[in-house]
file coords-v5.txt (compact mmCIF, C-alpha atoms)
# COMPACT_ATOMS: atom_id res chain seq x y z
CA MET E 19 -28.73 -23.85 0.06
CA ALA E 20 -27.35 -20.54 1.25
CA LEU E 21 -26.24 -17.95 -1.27
CA LYS E 22 -22.46 -17.55 -1.40
CA ILE E 23 -20.69 -14.25 -0.83
CA TYR E 24 -17.06 -13.81 -1.85
CA LEU E 25 -15.13 -11.79 0.77
CA ALA E 26 -12.75 -9.58 -1.22
CA GLY E 27 -10.34 -7.39 0.69
CA PRO E 28 -6.81 -6.77 1.91
CA GLU E 29 -7.40 -8.53 5.26
CA VAL E 30 -5.12 -11.37 4.10
CA PHE E 31 -2.16 -9.03 4.61
CA LEU E 32 -2.92 -8.28 8.28
CA PRO E 33 -0.98 -9.84 11.15
CA GLU E 34 -4.41 -10.75 12.55
CA ALA E 35 -5.66 -12.03 9.15
CA ARG E 36 -7.04 -15.28 10.52
CA ALA E 37 -9.04 -13.61 13.29
CA VAL E 38 -10.50 -10.88 11.06
CA ILE E 39 -11.41 -13.27 8.28
CA ALA E 40 -12.95 -15.65 10.80
CA GLU E 41 -15.04 -12.75 12.12
CA LYS E 42 -16.14 -11.85 8.59
CA LYS E 43 -17.15 -15.43 7.93
CA LEU E 44 -19.11 -15.62 11.17
CA LEU E 45 -20.97 -12.39 10.39
CA CYS E 46 -21.69 -13.66 6.89
CA THR E 47 -23.20 -16.85 8.28
CA ARG E 48 -25.26 -14.89 10.80
CA TYR E 49 -26.91 -12.97 7.96
CA GLY E 50 -27.78 -16.20 6.20
CA PHE E 51 -25.01 -16.39 3.63
CA GLU E 52 -22.18 -18.83 3.00
CA PRO E 53 -18.82 -17.06 3.13
CA MET E 54 -16.22 -17.67 0.42
CA ALA E 55 -12.86 -16.42 1.62
CA PRO E 56 -9.89 -15.97 -0.72
CA GLY E 57 -6.83 -18.13 -0.21
CA ASP E 58 -8.79 -20.56 1.94
CA LEU E 59 -8.01 -23.59 -0.13
CA VAL E 60 -4.42 -22.99 -1.10
CA LYS E 61 -1.55 -24.78 0.62
CA ARG E 62 2.05 -23.84 -0.10
CA ASP E 63 3.09 -27.49 -0.35
CA GLY E 64 6.73 -26.75 -1.20
CA LEU E 65 5.75 -24.83 -4.33
CA ASP E 66 8.04 -22.05 -5.53
CA PRO E 67 6.63 -18.56 -4.80
CA PHE E 68 5.56 -17.89 -8.39
CA THR E 69 3.72 -21.18 -8.83
CA HIS E 70 2.14 -20.70 -5.41
CA GLY E 71 0.94 -17.24 -6.49
CA MET E 72 -0.58 -18.66 -9.68
CA LYS E 73 -2.35 -21.31 -7.63
CA ILE E 74 -3.85 -18.74 -5.24
CA SER E 75 -5.01 -16.66 -8.21
CA ALA E 76 -6.69 -19.65 -9.85
CA ALA E 77 -8.29 -20.72 -6.56
CA ASN E 78 -9.66 -17.22 -5.92
CA GLU E 79 -11.09 -17.01 -9.43
CA GLY E 80 -12.75 -20.37 -8.87
CA LEU E 81 -14.26 -19.16 -5.60
CA MET E 82 -15.58 -16.03 -7.32
CA ILE E 83 -17.17 -18.00 -10.13
CA ALA E 84 -18.84 -20.20 -7.53
CA SER E 85 -20.16 -17.17 -5.62
CA ASP E 86 -23.44 -15.30 -6.01
CA ALA E 87 -22.20 -11.95 -4.74
CA VAL E 88 -19.17 -10.08 -3.51
CA ILE E 89 -18.56 -7.68 -0.64
CA ALA E 90 -15.33 -5.81 -1.36
CA ASN E 91 -13.28 -3.95 1.23
CA LEU E 92 -12.11 -0.91 -0.74
CA THR E 93 -10.37 0.83 2.16
CA PRO E 94 -7.28 2.52 0.68
CA PHE E 95 -4.26 0.22 0.87
CA ARG E 96 -0.66 1.45 0.67
CA GLY E 97 -1.75 4.64 -1.02
CA VAL E 98 -4.79 6.65 -2.07
CA SER E 99 -6.76 3.83 -3.68
CA ALA E 100 -8.06 0.37 -2.82
CA ASP E 101 -5.93 -2.78 -2.87
CA VAL E 102 -5.52 -3.74 -6.55
CA GLY E 103 -6.12 -7.43 -5.87
CA THR E 104 -9.50 -6.53 -4.43
CA VAL E 105 -10.21 -4.19 -7.35
CA TYR E 106 -9.40 -6.93 -9.87
CA GLU E 107 -11.91 -9.10 -8.06
CA LEU E 108 -14.54 -6.36 -8.04
CA GLY E 109 -14.19 -5.91 -11.82
CA PHE E 110 -14.28 -9.67 -12.26
CA MET E 111 -17.53 -10.07 -10.30
CA CYS E 112 -19.15 -7.07 -12.01
CA ALA E 113 -18.41 -8.62 -15.41
CA LEU E 114 -19.91 -11.92 -14.27
CA GLY E 115 -23.10 -10.04 -13.38
CA ARG E 116 -22.91 -10.97 -9.71
CA ALA E 117 -24.41 -8.79 -6.99
CA VAL E 118 -21.82 -6.37 -5.61
CA TRP E 119 -21.41 -4.32 -2.45
CA ALA E 120 -18.37 -2.52 -1.15
CA PHE E 121 -17.25 -0.62 1.90
CA SER E 122 -14.37 1.60 2.92
CA ASN E 123 -13.20 2.70 6.35
CA GLU E 124 -12.10 5.98 4.82
CA PRO E 125 -14.97 8.46 4.44
CA ARG E 126 -13.37 11.03 2.15
CA ASP E 127 -13.81 11.27 -1.61
CA TYR E 128 -10.98 10.06 -3.84
CA PHE E 129 -10.43 13.67 -4.92
CA GLU E 130 -9.86 14.83 -1.35
CA ARG E 131 -7.45 11.99 -0.56
CA VAL E 132 -5.38 12.61 -3.65
CA ARG E 133 -5.33 16.37 -3.06
CA ASP E 134 -4.54 16.24 0.66
CA ASP E 135 -2.63 12.98 1.20
CA TYR E 136 -0.83 12.47 -2.11
CA TYR E 137 -0.21 16.05 -3.28
CA GLN E 138 -0.26 17.75 0.16
CA GLY E 139 -2.87 20.23 -1.06
CA GLU E 140 -0.73 21.38 -3.99
CA LEU E 141 -3.19 21.10 -6.85
CA VAL E 142 -2.95 23.28 -9.93
CA THR E 143 -5.35 24.08 -12.72
CA ARG E 144 -4.02 22.74 -16.00
CA ALA E 145 -4.10 24.55 -19.35
CA ASP E 146 -7.08 22.37 -20.32
CA GLY E 147 -8.98 23.52 -17.23
CA ARG E 148 -8.57 20.29 -15.26
CA MET E 149 -7.35 20.08 -11.68
CA ALA E 150 -4.02 18.28 -11.54
CA GLY E 151 -1.08 17.52 -9.32
CA PRO E 152 2.24 19.34 -9.76
CA ASP E 153 3.25 16.27 -11.84
CA GLY E 154 0.60 17.24 -14.41
CA LEU E 155 -1.64 14.20 -13.81
CA SER E 156 -5.29 15.21 -13.60
CA VAL E 157 -7.28 14.39 -10.48
CA GLU E 158 -10.79 13.18 -11.20
CA ASN E 159 -13.49 14.73 -9.06
CA HIS E 160 -16.80 12.95 -9.45
CA GLY E 161 -17.80 12.95 -5.79
CA MET E 162 -16.91 9.26 -5.63
CA GLY E 163 -15.03 7.08 -3.17
CA ASP E 164 -12.40 5.89 -5.63
CA ASN E 165 -11.81 5.79 -9.38
CA LEU E 166 -15.11 6.13 -11.26
CA MET E 167 -14.91 2.61 -12.69
CA LEU E 168 -15.17 1.22 -9.15
CA ASP E 169 -18.03 3.37 -7.88
CA GLY E 170 -19.71 3.22 -11.28
CA GLY E 171 -19.49 -0.56 -11.55
CA ILE E 172 -20.94 -1.05 -8.08
CA LEU E 173 -23.78 1.45 -8.39
CA ALA E 174 -24.78 0.42 -11.90
CA ARG E 175 -25.51 -3.07 -10.54
CA GLY E 176 -27.73 -1.82 -7.75
CA GLY E 177 -25.00 -2.21 -5.15
CA ALA E 178 -23.75 0.35 -2.68
CA PHE E 179 -20.35 1.70 -1.70
CA VAL E 180 -20.59 2.25 2.07
CA ARG E 181 -18.03 4.68 3.49
CA ARG E 182 -17.43 5.11 7.21
CA ASP E 183 -15.05 6.92 9.50
CA VAL E 184 -13.33 4.63 11.99
CA PRO E 185 -10.50 5.14 14.47
CA ARG E 186 -7.18 4.97 12.62
CA GLU E 187 -6.03 1.90 14.52
CA ARG E 188 -9.10 0.00 13.29
CA LEU E 189 -8.65 1.01 9.64
CA TYR E 190 -8.37 -2.59 8.42
CA THR E 191 -10.14 -4.42 11.22
CA ASP E 192 -13.39 -2.47 11.77
CA LEU E 193 -16.22 -4.51 10.26
CA GLY E 194 -19.08 -2.03 10.69
CA GLY E 195 -19.08 -1.24 6.97
CA PHE E 196 -18.87 -4.91 6.14
CA GLU E 197 -21.90 -5.61 8.31
CA GLU E 198 -23.78 -2.76 6.66
CA CYS E 199 -23.11 -4.43 3.30
CA LEU E 200 -24.38 -7.73 4.67
CA LYS E 201 -27.62 -6.03 5.70
CA LEU E 202 -28.02 -4.57 2.23
CA ALA E 203 -27.26 -7.95 0.66
CA ALA E 204 -29.78 -9.69 2.89
CA ALA E 205 -32.45 -7.11 2.03
CA ALA E 206 -31.73 -7.49 -1.68
CA LEU E 207 -31.17 -11.22 -2.01
CA LEU E 208 -33.00 -13.08 0.77
CA MET U 12 -13.94 -6.92 -39.69
CA ALA U 13 -10.95 -6.12 -37.51
CA LEU U 14 -10.77 -7.53 -33.99
CA LYS U 15 -11.26 -4.86 -31.35
CA ILE U 16 -8.75 -4.13 -28.59
CA TYR U 17 -9.73 -2.11 -25.54
CA LEU U 18 -6.96 0.29 -24.51
CA ALA U 19 -6.96 0.30 -20.71
CA GLY U 20 -4.57 2.62 -18.91
CA PRO U 21 -4.02 5.82 -16.98
CA GLU U 22 -3.15 7.84 -20.10
CA VAL U 23 -6.45 9.69 -19.75
CA PHE U 24 -4.93 11.56 -16.79
CA LEU U 25 -1.92 12.93 -18.73
CA PRO U 26 -1.70 16.53 -19.93
CA GLU U 27 -0.84 15.01 -23.32
CA ALA U 28 -3.69 12.45 -23.09
CA ARG U 29 -5.04 13.16 -26.55
CA ALA U 30 -1.67 12.77 -28.27
CA VAL U 31 -0.70 9.57 -26.44
CA ILE U 32 -4.10 7.94 -26.94
CA ALA U 33 -4.03 8.95 -30.62
CA GLU U 34 -0.61 7.29 -30.92
CA LYS U 35 -1.90 4.13 -29.24
CA LYS U 36 -4.85 4.03 -31.64
CA LEU U 37 -2.59 4.48 -34.64
CA LEU U 38 -0.29 1.66 -33.51
CA CYS U 39 -3.29 -0.54 -32.89
CA THR U 40 -4.57 0.04 -36.40
CA ARG U 41 -1.11 -0.61 -37.85
CA TYR U 42 -1.12 -4.06 -36.28
CA GLY U 43 -4.49 -4.82 -37.81
CA PHE U 44 -6.77 -4.16 -34.85
CA GLU U 45 -9.55 -1.70 -34.19
CA PRO U 46 -8.77 0.41 -31.12
CA MET U 47 -11.42 0.97 -28.46
CA ALA U 48 -10.36 3.86 -26.25
CA PRO U 49 -12.03 4.62 -22.90
CA GLY U 50 -13.92 7.87 -22.53
CA ASP U 51 -14.07 8.34 -26.28
CA LEU U 52 -17.80 8.62 -26.48
CA VAL U 53 -18.62 10.61 -23.40
CA LYS U 54 -19.47 14.27 -23.54
CA ARG U 55 -19.88 16.31 -20.37
CA ASP U 56 -23.01 18.03 -21.71
CA GLY U 57 -23.63 20.05 -18.58
CA LEU U 58 -23.98 16.93 -16.43
CA ASP U 59 -23.06 17.16 -12.77
CA PRO U 60 -19.71 15.49 -11.99
CA PHE U 61 -21.24 12.38 -10.40
CA THR U 62 -23.65 11.70 -13.26
CA HIS U 63 -20.85 12.37 -15.73
CA GLY U 64 -18.69 9.82 -13.91
CA MET U 65 -21.46 7.22 -14.02
CA LYS U 66 -21.85 7.85 -17.75
CA ILE U 67 -18.12 7.35 -18.41
CA SER U 68 -18.18 4.14 -16.38
CA ALA U 69 -21.14 2.77 -18.33
CA ALA U 70 -19.60 3.80 -21.65
CA ASN U 71 -16.29 2.12 -20.81
CA GLU U 72 -18.04 -1.08 -19.75
CA GLY U 73 -19.93 -1.04 -23.05
CA LEU U 74 -16.67 -0.62 -24.99
CA MET U 75 -15.13 -3.53 -23.08
CA ILE U 76 -18.07 -5.82 -23.76
CA ALA U 77 -17.79 -4.92 -27.45
CA SER U 78 -14.05 -5.69 -27.50
CA ASP U 79 -12.25 -8.95 -28.23
CA ALA U 80 -9.16 -8.23 -26.17
CA VAL U 81 -7.55 -5.77 -23.81
CA ILE U 82 -4.06 -4.31 -23.52
CA ALA U 83 -3.70 -2.84 -20.04
CA ASN U 84 -1.08 -0.32 -19.00
CA LEU U 85 -0.23 -1.46 -15.47
CA THR U 86 2.57 1.06 -14.88
CA PRO U 87 2.33 2.04 -11.19
CA PHE U 88 0.13 5.09 -10.76
CA ARG U 89 0.26 7.35 -7.68
CA GLY U 90 1.84 4.61 -5.63
CA VAL U 91 3.28 1.11 -5.81
CA SER U 92 0.51 -0.50 -7.85
CA ALA U 93 -1.33 0.02 -11.12
CA ASP U 94 -4.16 2.53 -11.61
CA VAL U 95 -7.25 0.97 -10.00
CA GLY U 96 -9.51 1.98 -12.89
CA THR U 97 -7.29 -0.01 -15.23
CA VAL U 98 -7.20 -2.93 -12.78
CA TYR U 99 -11.00 -2.99 -12.58
CA GLU U 100 -11.04 -3.20 -16.37
CA LEU U 101 -8.44 -5.98 -16.41
CA GLY U 102 -10.51 -8.06 -13.98
CA PHE U 103 -13.64 -7.28 -15.99
CA MET U 104 -12.09 -8.49 -19.27
CA CYS U 105 -10.59 -11.58 -17.64
CA ALA U 106 -14.01 -12.57 -16.33
CA LEU U 107 -15.51 -12.07 -19.79
CA GLY U 108 -12.92 -14.52 -21.14
CA ARG U 109 -11.38 -11.96 -23.46
CA ALA U 110 -7.73 -12.14 -24.53
CA VAL U 111 -5.55 -10.07 -22.21
CA TRP U 112 -2.10 -8.52 -22.38
CA ALA U 113 -0.50 -5.97 -20.11
CA PHE U 114 2.63 -3.90 -19.88
CA SER U 115 4.40 -1.76 -17.32
CA ASN U 116 7.14 0.80 -17.73
CA GLU U 117 8.46 -0.21 -14.32
CA PRO U 118 10.65 -3.32 -14.48
CA ARG U 119 10.86 -4.21 -10.79
CA ASP U 120 8.78 -6.80 -8.97
CA TYR U 121 5.94 -5.60 -6.76
CA PHE U 122 7.89 -6.86 -3.74
CA GLU U 123 10.91 -4.68 -4.55
CA ARG U 124 8.79 -1.58 -5.13
CA VAL U 125 6.93 -2.00 -1.85
CA ARG U 126 10.14 -2.70 0.05
CA ASP U 127 12.21 0.10 -1.46
CA ASP U 128 9.71 2.81 -2.45
CA TYR U 129 6.93 2.40 0.09
CA TYR U 130 8.77 1.13 3.18
CA GLN U 131 12.22 2.61 2.36
CA GLY U 132 13.85 -0.78 2.80
CA GLU U 133 12.48 -1.22 6.33
CA LEU U 134 10.93 -4.68 6.11
CA VAL U 135 10.63 -6.93 9.14
CA THR U 136 9.95 -10.62 9.57
CA ARG U 137 6.62 -11.13 11.30
CA ALA U 138 5.92 -13.67 14.04
CA ASP U 139 4.23 -15.87 11.41
CA GLY U 140 7.40 -15.84 9.29
CA ARG U 141 6.10 -13.42 6.65
CA MET U 142 7.96 -10.35 5.43
CA ALA U 143 6.04 -7.23 6.38
CA GLY U 144 6.30 -3.47 6.63
CA PRO U 145 6.75 -1.74 9.99
CA ASP U 146 2.94 -1.31 9.89
CA GLY U 147 2.58 -5.09 10.13
CA LEU U 148 1.06 -5.55 6.66
CA SER U 149 2.66 -8.50 4.86
CA VAL U 150 4.37 -7.93 1.52
CA GLU U 151 3.67 -10.68 -1.00
CA ASN U 152 6.71 -11.92 -2.88
CA HIS U 153 5.74 -14.13 -5.79
CA GLY U 154 8.22 -12.75 -8.32
CA MET U 155 5.36 -10.91 -9.99
CA GLY U 156 4.87 -7.42 -11.38
CA ASP U 157 1.93 -6.51 -9.15
CA ASN U 158 -0.60 -8.23 -6.88
CA LEU U 159 -0.89 -11.93 -7.79
CA MET U 160 -4.48 -11.57 -8.97
CA LEU U 161 -3.27 -9.31 -11.79
CA ASP U 162 -0.29 -11.37 -12.98
CA GLY U 163 -2.22 -14.59 -12.36
CA GLY U 164 -5.29 -13.47 -14.28
CA ILE U 165 -3.23 -12.39 -17.28
CA LEU U 166 -0.98 -15.45 -17.43
CA ALA U 167 -3.77 -17.96 -16.83
CA ARG U 168 -5.42 -16.70 -20.02
CA GLY U 169 -2.30 -17.13 -22.16
CA GLY U 170 -1.49 -13.43 -22.03
CA ALA U 171 1.76 -11.79 -21.02
CA PHE U 172 2.74 -9.02 -18.61
CA VAL U 173 5.55 -7.16 -20.38
CA ARG U 174 7.78 -5.08 -18.10
CA ARG U 175 10.33 -2.60 -19.40
CA ASP U 176 12.68 0.02 -18.05
CA VAL U 177 12.15 3.44 -19.60
CA PRO U 178 13.55 6.90 -18.83
CA ARG U 179 11.64 8.39 -15.90
CA GLU U 180 10.28 11.28 -17.98
CA ARG U 181 8.66 8.77 -20.33
CA LEU U 182 7.05 6.69 -17.58
CA TYR U 183 3.52 7.22 -18.88
CA THR U 184 4.21 8.04 -22.51
CA ASP U 185 6.64 5.34 -23.68
CA LEU U 186 4.70 2.91 -25.87
CA GLY U 187 7.39 0.27 -26.43
CA GLY U 188 5.69 -2.13 -24.03
CA PHE U 189 2.32 -1.39 -25.61
CA GLU U 190 3.73 -2.23 -29.04
CA GLU U 191 5.22 -5.44 -27.70
CA CYS U 192 1.73 -6.40 -26.51
CA LEU U 193 0.32 -5.60 -29.94
CA LYS U 194 2.88 -7.95 -31.51
CA LEU U 195 1.89 -10.71 -29.10
CA ALA U 196 -1.79 -10.04 -29.79
CA ALA U 197 -1.24 -10.16 -33.55
CA ALA U 198 0.69 -13.43 -33.25
CA ALA U 199 -2.06 -14.95 -31.11
CA LEU U 200 -5.19 -13.63 -32.77
CA LEU U 201 -4.52 -12.85 -36.44
call {"tool": "encode", "arguments": {"input": "coords-v5.txt", "output": "structure tokens"}}
result
Amino acid sequence: MALKIYLAGPEVFLPEARAVIAEKKLLCTRYGFEPMAPGDLVKRDGLDPFTHGMKISAANEGLMIASDAVIANLTPFRGVSADVGTVYELGFMCALGRAVWAFSNEPRDYFERVRDDYYQGELVTRADGRMAGPDGLSVENHGMGDNLMLDGGILARGGAFVRRDVPRERLYTDLGGFEECLKLAAAALL
Amino acid sequence: MALKIYLAGPEVFLPEARAVIAEKKLLCTRYGFEPMAPGDLVKRDGLDPFTHGMKISAANEGLMIASDAVIANLTPFRGVSADVGTVYELGFMCALGRAVWAFSNEPRDYFERVRDDYYQGELVTRADGRMAGPDGLSVENHGMGDNLMLDGGILARGGAFVRRDVPRERLYTDLGGFEECLKLAAAALL
């Protein structure tokens, strides 16, 4: 029986969600894994929005528990960091001791994104010696792709956080990084 | 022996981090719990930034595993959603089956924040019937405080996601919501 990989990522929010997720599933199968895609099993069925949300959450947690690994798309989403739904799932799978890989279609370090995109280059040195935004909030600079808990959790489990530069219009649809993770997963697990 | 509560949140980034975390610890103790604060045990010790980051990550994961519960500060951080480090920790603790509570000093639903703060009110209805930003990305509207995986994970475990309105200048320092979580934790666990 094929090992199962949970496909975490913000693709569900795309207009072309179905096509991109179908492509991810196909790639997953090609590398010898069974894809587990979030939201797959959840019908609206006249439920109110809150109850529907709870049902999706429970279904996704069930899919994660049933999976052997996760590949998380940590491309920044509506801001300088990854989609928080995806990050919740990454933490969840790390705690379960599953194999984890991640990719981002944004090559820069978290520090650079926060400095350039969020604070428009306006960093200051705080009284305690830390780099911070004009709002006083320190900006961590560990040479990592996102908050250290994300990079740290992935790397501590032998995973990798693949970062690639892609044309802006393919920010959420380019699957080169995803495929790279599949190759790493195949080398590690098969 | 007192039950241990892990104090997840972006307070570590504040100029007044030490004072706020000290106050959280004191409150925690007052309610009969032992506080477990991230980063507490990690010295820089001349380590390069990356290795230092990995050490903090490992230390925080160790503190979480040693804790019985988590109270997560999900106040939006540098954008419309919670700090991703905190979200990783929330997912981690949910997967471990620990008791979870969360608070936010932002009372609005995720949908309202994305619509008003991120898209400046410019939502459109997509061809598939979903509400979306002008960039085409759908905006989930489940009457929840953040992405459904966060609210769903908390509520499914009998926790609560407390949301409060606080003066803007106390966005990251007001601990009323934290104390409310402590009361809920005491009622549930002690």
call {"tool": "interface_residues", "arguments": {"input": "coords-v5.txt", "of": "chain U", "to": "chain E", "cutoff": "6 Å", "atoms": "all atoms listed in the file", "output": "MDAnalysis selection string"}}
result
chainID U and resid 24:25 60:61 64:65 68 90 96 98:99 102:103 106 148:149 153:154 158:160 163
call {"tool": "residues_around", "arguments": {"input": "coords-v5.txt", "residues": "segment 175-182 of chain E", "least_positions_apart": "2", "cutoff": "6 Å", "atoms": "only C-alpha atoms", "output": "list in words"}}
result
Val118, Trp119, Ala120, Phe121, Ser122, Asn123, Glu124, Pro125, Ile172 and Leu173 of chain E
call {"tool": "atom_distance", "arguments": {"input": "coords-v5.txt", "atom1": "atom CA of Glu187 of chain E", "atom2": "atom CA of Thr93 of chain E"}}
result
13.1 Å
call {"tool": "residues_around", "arguments": {"input": "coords-v5.txt", "residues": "segment 39-43 of chain U", "least_positions_apart": "3", "cutoff": "8 Å", "atoms": "all atoms listed in the file", "output": "list in words"}}
result
Ala13, Leu14, Ile16, Lys35, Lys36, Pro46, Leu193, Lys194 and Ala197 of chain U
call {"tool": "atom_distance", "arguments": {"input": "coords-v5.txt", "atom1": "atom CA of Ala48 of chain U", "atom2": "atom CA of Tyr17 of chain U"}}
result
6.0 Å
call {"tool": "atom_distance", "arguments": {"input": "coords-v5.txt", "atom1": "atom CA of Gly27 of chain E", "atom2": "atom CA of Leu92 of chain E"}}
result
6.9 Å
call {"tool": "residues_around", "arguments": {"input": "coords-v5.txt", "residues": "Glu123 of chain U", "least_positions_apart": "4", "cutoff": "9 Å", "atoms": "only C-alpha atoms", "output": "JSON, numbers by chain"}}
result
{"U": [119, 127, 128, 132, 152]}
call {"tool": "decode", "arguments": {"input": "coords-v5.txt", "residues": "segment 190-207 of chain E", "atoms": "N, CA, C and O atoms", "output": "mmCIF file, in the first residue's frame"}}
result
data_model
loop_
_atom_site.group_PDB
_atom_site.id
_atom_site.type_symbol
_atom_site.label_atom_id
_atom_site.label_comp_id
_atom_site.auth_asym_id
_atom_site.auth_seq_id
_atom_site.Cartn_x
_atom_site.Cartn_y
_atom_site.Cartn_z
ATOM 1 N N TYR E 190 1.478 31.039 -6.786
ATOM 2 C CA TYR E 190 0.729 29.981 -6.090
ATOM 3 C C TYR E 190 0.462 28.754 -6.943
ATOM 4 O O TYR E 190 -0.149 27.797 -6.489
ATOM 5 N N THR E 191 0.893 28.790 -8.197
ATOM 6 C CA THR E 191 0.573 27.660 -9.075
ATOM 7 C C THR E 191 1.808 26.861 -9.522
ATOM 8 O O THR E 191 1.677 25.731 -9.968
ATOM 9 N N ASP E 192 2.994 27.455 -9.390
ATOM 10 C CA ASP E 192 4.217 26.753 -9.800
ATOM 11 C C ASP E 192 4.472 25.572 -8.849
ATOM 12 O O ASP E 192 4.537 25.757 -7.630
ATOM 13 N N LEU E 193 4.623 24.386 -9.414
ATOM 14 C CA LEU E 193 4.785 23.196 -8.580
ATOM 15 C C LEU E 193 6.195 22.599 -8.638
ATOM 16 O O LEU E 193 6.415 21.458 -8.238
ATOM 17 N N GLY E 194 7.159 23.403 -9.107
ATOM 18 C CA GLY E 194 8.541 22.926 -9.140
ATOM 19 C C GLY E 194 9.065 22.589 -7.755
ATOM 20 O O GLY E 194 9.722 21.560 -7.554
ATOM 21 N N GLY E 195 8.779 23.434 -6.793
ATOM 22 C CA GLY E 195 9.211 23.197 -5.411
ATOM 23 C C GLY E 195 8.504 21.989 -4.809
ATOM 24 O O GLY E 195 9.099 21.205 -4.067
ATOM 25 N N PHE E 196 7.243 21.869 -5.151
ATOM 26 C CA PHE E 196 6.469 20.711 -4.686
ATOM 27 C C PHE E 196 7.089 19.421 -5.217
ATOM 28 O O PHE E 196 7.281 18.451 -4.471
ATOM 29 N N GLU E 197 7.431 19.437 -6.501
ATOM 30 C CA GLU E 197 8.022 18.238 -7.102
ATOM 31 C C GLU E 197 9.394 17.934 -6.480
ATOM 32 O O GLU E 197 9.748 16.765 -6.277
ATOM 33 N N GLU E 198 10.137 18.987 -6.176
ATOM 34 C CA GLU E 198 11.421 18.770 -5.506
ATOM 35 C C GLU E 198 11.211 18.064 -4.157
ATOM 36 O O GLU E 198 11.965 17.161 -3.777
ATOM 37 N N CYS E 199 10.178 18.466 -3.438
ATOM 38 C CA CYS E 199 9.862 17.820 -2.162
ATOM 39 C C CYS E 199 9.476 16.353 -2.379
ATOM 40 O O CYS E 199 9.847 15.476 -1.587
ATOM 41 N N LEU E 200 8.730 16.100 -3.432
ATOM 42 C CA LEU E 200 8.349 14.713 -3.740
ATOM 43 C C LEU E 200 9.577 13.843 -3.990
ATOM 44 O O LEU E 200 9.646 12.689 -3.538
ATOM 45 N N LYS E 201 10.560 14.419 -4.697
ATOM 46 C CA LYS E 201 11.792 13.675 -4.951
ATOM 47 C C LYS E 201 12.515 13.356 -3.645
ATOM 48 O O LYS E 201 13.013 12.245 -3.448
ATOM 49 N N LEU E 202 12.584 14.342 -2.776
ATOM 50 C CA LEU E 202 13.222 14.139 -1.476
ATOM 51 C C LEU E 202 12.462 13.095 -0.668
ATOM 52 O O LEU E 202 13.063 12.234 -0.009
ATOM 53 N N ALA E 203 11.142 13.170 -0.712
ATOM 54 C CA ALA E 203 10.315 12.202 0.032
ATOM 55 C C ALA E 203 10.524 10.797 -0.512
ATOM 56 O O ALA E 203 10.657 9.840 0.267
ATOM 57 N N ALA E 204 10.580 10.696 -1.836
ATOM 58 C CA ALA E 204 10.776 9.369 -2.436
ATOM 59 C C ALA E 204 12.137 8.792 -2.043
ATOM 60 O O ALA E 204 12.254 7.610 -1.714
ATOM 61 N N ALA E 205 13.162 9.664 -2.064
ATOM 62 C CA ALA E 205 14.506 9.206 -1.698
ATOM 63 C C ALA E 205 14.554 8.777 -0.233
ATOM 64 O O ALA E 205 15.266 7.838 0.138
ATOM 65 N N ALA E 206 13.801 9.443 0.609
ATOM 66 C CA ALA E 206 13.847 9.162 2.042
ATOM 67 C C ALA E 206 12.952 8.002 2.448
ATOM 68 O O ALA E 206 13.285 7.244 3.371
ATOM 69 N N LEU E 207 11.819 7.851 1.771
ATOM 70 C CA LEU E 207 10.797 6.925 2.286
ATOM 71 C C LEU E 207 10.595 5.658 1.456
ATOM 72 O O LEU E 207 10.060 4.675 1.965
#
